Each structure stands twice: as C-alpha cells, then as structure tokens.
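Read the structure below first, then the notes.
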Amino acid sequence: MGVTYQLYHDPRHFRDLVFPFLLENEAAHCLGLGVIHSLIHKPELHNDFQLAAFFDDATAQLLGIAWVTSPQPLGVSQMPVACLPALMEFASGLNHKPSGIAAPYVLAEGFKHAWMQREACSVYNRFEQCIYELTEIQEPRFAPGRVRLANAHDVAILSRWSWSFVVECGMAKGRDKGHVNGKSYARQAVHDKSRYVWEVDGKIVAMAGVQGHTPEGIRISWVYTPPEHRCKGYASQLVARVCEEQLANGKKRCFLYTDLENPTSNHIYQELGFVPVASPLHYTFVYESR
C-alpha cells in the first residue's frame, strides 16, 4: 500500500475532514478529538502545532491522522502499519524533534525503533496505557466529604499536586522543574473550571480534572491523591461525582487513560464502570544533542 500525507494549518478544516473517521471509534480516538477541539476553541493555548492526515495513494481513502502540540509528544490515531514510513517523514519535518510518541501499540513500537536509528536519541520512559470508557456509573464505596470545583484559593496546593502527578506519570523529563509548570496547569484549570477537588472537613484531599471534549464525551484526567490521603476512597468518589455531573450535563460517555502497570488504579476504575477499549503505548525520547 502506498501512503501519502497532507499537512493542515486550519484546525476547523482538519476537523471537517477527519471527524467522520475518528468518530468510528470515538473512545480510542478521544485524545485526538480533544486536541482538535482545543485547537479550535482555545487557540491561545497552542502557539506551535502541526496536523497531518494520511491517505491511501490508490484510493485517496483517509487512513489516519497525526498531530503535535509542542511540547507534547507526537500523537497518532489508529492507522495501518503501512503508514509508518509516511509517519516517519512527517515527524522528520516537524518544527521541533518530537518529545515522544503516543500511538497504538504496534505503531509506537515500530516508530520508536526506526526513529532511534535515524536520530541520536534514547528512550527515557516507556508507558503502557489503557483507554477506558464509561457510560454508566457503578457507585463506589462510601467516603466522607464532598466534591466542588477548584478555585483560586486552591492554586498553591493544586500546583504541587499537578507537578507530583506529572512526575509520578514519568512525564517530567524536559519540562520545567519545580512547581512552575504545575502552577501553570493549575491556574489554567481553575480559569477553565475544569478541575475538581474532594473536600473533607474543609481540607482538600484529592483532585480530578476534565478536558478533551469530543462530540459525545469528555476525558477524565489529573486524578491525583497525595500519599497521606490514599486508600480511603476519596478519588473513587471524586471521579464518580465528576462523571455523574458530565453525564447529567449531556455527555454520553467519559474517557480515561491509565497506566497498565498500576493494577490498583485499573481495578478501581473498572469497579466504577469504566470498560477498557484500547491499549496505546507512550514513549518519551531524549536527544543527545539537547
């Protein structure tokens, strides 16, 4: 199969072209759908992005998409392995070398091996993930407290927690050290009203966020409980209540990414009603010239 790719500079045009393909499997493509939504509705957050669509040479059939919103890794939708040479060509022409790749398992493995041969780089982190989808909540065990939207008074704590979340996910390499990056995440989330906290006796003990709107869903993210408050059911209650609100407000499904090497979190989310739908792979690259 011959494969070519086309670059797109207008996210709205790109959306109109690729959404029918992506919506054939909305859950598996929730990340790409959410990125396109953000590029259109929050362009001020994305000063450097590149979008590509991949086509069958013979039939002009759309086979998949790829995107980069620096400093995030190269994102790749489901597509045939035959697209790999064209994907390599796209990555080679990016404004900056990709910080990593997040793609379906076979594509991520193939790209990693080919990219390491082409570039002087090594793999810093290998992150096997699972994408989950929830359409109906299974009520978790009781935990005291209540859910509320995060506000400006929470920014200092959320800054520390956001950075801790990034570090625990193994995504801190190449990002700002300390709480600078965490503070930017927290402030933006409070501004967007997209971060929730679980509060017990006036003290916040867990956080969770929403981002990445799709036509029928939204992605749950930034789920974090500091070590001293873990194993008490706070995060389960928080995620359940956040999903409940999203479904009540018109979303038909909630999505969530997990680390497959963390059996505890995967078990907890399945108890809440999340069903696994795809298993992507995330690699982080480190370049010798950096």
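Starting from 1 in every chain, residues are counted up; chains themselves are A, B, ... following the order of the structure tokens, and ligands are numbered from 1 as listed.
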Stretch 263-278 of chain A environment, 6 Å, only C-alpha atoms, sequence neighbours closer than 4 positions dropped, as an mmCIF file with C-alpha atoms, in the first residue's frame:
```
data_model
loop_
_atom_site.group_PDB
_atom_site.id
_atom_site.type_symbol
_atom_site.label_atom_id
_atom_site.label_comp_id
_atom_site.auth_asym_id
_atom_site.auth_seq_id
_atom_site.Cartn_x
_atom_site.Cartn_y
_atom_site.Cartn_z
ATOM 1 C CA ALA A 28 -9.968 5.095 21.067
ATOM 2 C CA CYS A 130 -5.220 1.695 28.659
ATOM 3 C CA ILE A 131 -8.067 3.849 27.395
ATOM 4 C CA TYR A 132 -11.300 3.315 29.304
ATOM 5 C CA GLU A 133 -14.862 4.347 28.517
ATOM 6 C CA LEU A 134 -17.738 4.818 30.962
ATOM 7 C CA ILE A 137 -21.576 4.749 36.858
ATOM 8 C CA GLN A 138 -21.226 1.905 39.334
#
```
Contacts of A:Arg141 at 10 Å or less, counting only C-alpha atoms, minus same-chain residues fewer than 5 places along, as a PDB file with N, CA and C atoms, in the first residue's frame?
```pdb
ATOM      1  N   LYS A 232      -8.386   5.580  50.880  1.00  0.00           N
ATOM      2  CA  LYS A 232      -9.544   5.956  51.691  1.00  0.00           C
ATOM      3  C   LYS A 232     -10.803   6.154  50.845  1.00  0.00           C
ATOM      4  N   GLY A 233     -10.680   5.912  49.539  1.00  0.00           N
ATOM      5  CA  GLY A 233     -11.843   6.005  48.665  1.00  0.00           C
ATOM      6  C   GLY A 233     -12.167   7.397  48.169  1.00  0.00           C
ATOM      7  N   TYR A 234     -11.303   8.377  48.458  1.00  0.00           N
ATOM      8  CA  TYR A 234     -11.598   9.750  48.064  1.00  0.00           C
ATOM      9  C   TYR A 234     -11.618   9.918  46.541  1.00  0.00           C
ATOM     10  N   SER A 236     -12.036   7.683  44.211  1.00  0.00           N
ATOM     11  CA  SER A 236     -13.152   6.954  43.599  1.00  0.00           C
ATOM     12  C   SER A 236     -14.431   7.768  43.672  1.00  0.00           C
ATOM     13  N   GLN A 237     -14.707   8.325  44.840  1.00  0.00           N
ATOM     14  CA  GLN A 237     -15.894   9.162  44.982  1.00  0.00           C
ATOM     15  C   GLN A 237     -15.807  10.394  44.088  1.00  0.00           C
ATOM     16  N   GLU A 271     -14.177  -0.930  38.641  1.00  0.00           N
ATOM     17  CA  GLU A 271     -15.256  -1.014  39.626  1.00  0.00           C
ATOM     18  C   GLU A 271     -16.243   0.139  39.481  1.00  0.00           C
ATOM     19  N   LEU A 272     -15.780   1.282  38.974  1.00  0.00           N
ATOM     20  CA  LEU A 272     -16.656   2.440  38.773  1.00  0.00           C
ATOM     21  C   LEU A 272     -17.497   2.316  37.506  1.00  0.00           C
TER      22      LEU A 272
END
```
Original post:
Expressed in Å to a single decimal, how great is the separation between atom CA of A:Leu22 and atom CA of A:Leu7?
Top reply: 17.1 Å
Subject >> Close residues, A:Thr225 itself excluded, 10 Å, only C-alpha atoms, min 3 positions apart in chain, as a PyMOL selection string >> reply: chain A and resi 161+164-165+197-198+204-208+222+228-235
If you keep C-alpha atoms, can you produce a file of those selected residues as a PDB file, in the first residue's frame?
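Below is the file again.pdb, written as the result:
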```
ATOM      1  CA  TRP A 161      -0.228  18.113  43.159  1.00  0.00           C
ATOM      2  CA  SER A 164       3.582  15.450  41.519  1.00  0.00           C
ATOM      3  CA  PHE A 165       1.105  13.927  39.062  1.00  0.00           C
ATOM      4  CA  VAL A 197     -11.427  18.576  44.351  1.00  0.00           C
ATOM      5  CA  TRP A 198     -12.694  16.279  47.079  1.00  0.00           C
ATOM      6  CA  ILE A 204      -8.974  19.120  50.035  1.00  0.00           C
ATOM      7  CA  VAL A 205      -7.652  15.563  49.811  1.00  0.00           C
ATOM      8  CA  ALA A 206      -7.850  14.633  46.102  1.00  0.00           C
ATOM      9  CA  MET A 207      -8.227  16.228  42.674  1.00  0.00           C
ATOM     10  CA  ALA A 208      -9.515  15.272  39.231  1.00  0.00           C
ATOM     11  CA  TRP A 222      -5.361  14.763  36.500  1.00  0.00           C
ATOM     12  CA  GLU A 228      -1.114  10.651  53.011  1.00  0.00           C
ATOM     13  CA  HIS A 229      -4.735  10.513  51.803  1.00  0.00           C
ATOM     14  CA  ARG A 230      -4.642   7.367  49.661  1.00  0.00           C
ATOM     15  CA  CYS A 231      -6.579   4.115  50.177  1.00  0.00           C
ATOM     16  CA  LYS A 232      -9.544   5.956  51.691  1.00  0.00           C
ATOM     17  CA  GLY A 233     -11.843   6.005  48.665  1.00  0.00           C
ATOM     18  CA  TYR A 234     -11.598   9.750  48.064  1.00  0.00           C
ATOM     19  CA  ALA A 235     -10.510   9.575  44.421  1.00  0.00           C
TER      20      ALA A 235
END
```
Subject >> d(atom CA of A:Thr214, atom CA of A:Glu26) in Å >> reply: 7.7 Å
**OP:** Could you tell me which of A:Leu31, A:Glu136, A:Asp154, A:His213 comes closest to A:Cys243 if we count only C-alpha atoms?
**Re:**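 Of A:Leu31, A:Glu136, A:Asp154, A:His213, the one nearest A:Cys243 is A:Glu136, counting only C-alpha atoms.
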Subject >> For A:Ile65, the nearest of the candidates A:His41, A:Lys97, A:Lys252, A:His29, counting only C-alpha atoms >> reply: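 Checking each of A:His41, A:Lys97, A:Lys252, A:His29 against A:Ile65, counting only C-alpha atoms, the winner is A:His29.
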Subject >> 12 Å contact set for A:Asn151, only C-alpha atoms, chain neighbours under 5 positions out, as a list in words >> reply: Ala156, Ile157, Leu158, Ala186, Arg187, Gln188, Ala189, Val190, His191, Asp192, Lys193, Ser194, Arg195, Tyr196, Val197, Ile204 and Met207 of chain A
Original post:
How far is it from atom CA of A:Ala86 to atom CA of A:Thr258, in Å with one decimal?
Top reply: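 Atom CA of A:Thr258 lies 28.9 Å from atom CA of A:Ala86.
When only C-alpha atoms are used to measure the gap to A:Pro11, the shortest distance among A:Asn125, A:Thr284, A:Asn25, A:Gln50 belongs to A:Gln50.
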**OP:** Select, from A:Val147, A:Pro85, A:Ser70, A:Gly75, the residue with the minimum atom-to-atom distance to A:Asp201, counting only C-alpha atoms.
**Re:**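 Checking each candidate against A:Asp201, we get A:Val147 as the closest.
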Subject >> Neighbour list for A:Pro104 as a PyMOL selection string, cut-off 9 Å, only C-alpha atoms, skip fewer than 3 positions in-chain >> reply: chain A and resi 76-79+107-109+278-282
**OP:** Once DSSP has gone over the backbone, tell me which residues of stretch 72-126 of chain A are in helix (DSSP H, G or I), as a list in words.
**Re:**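 Filtering stretch 72-126 of chain A down to helix (DSSP H, G or I) leaves Val81, Ala82, Cys83, Leu84, Pro85, Ala86, Leu87, Met88, Glu89, Phe90, Ala91, Ser92, Tyr105, Val106, Leu107, Ala108, Glu109, Gly110, Phe111, Lys112, His113, Ala114, Trp115, Met116, Gln117 and Arg118 of chain A.
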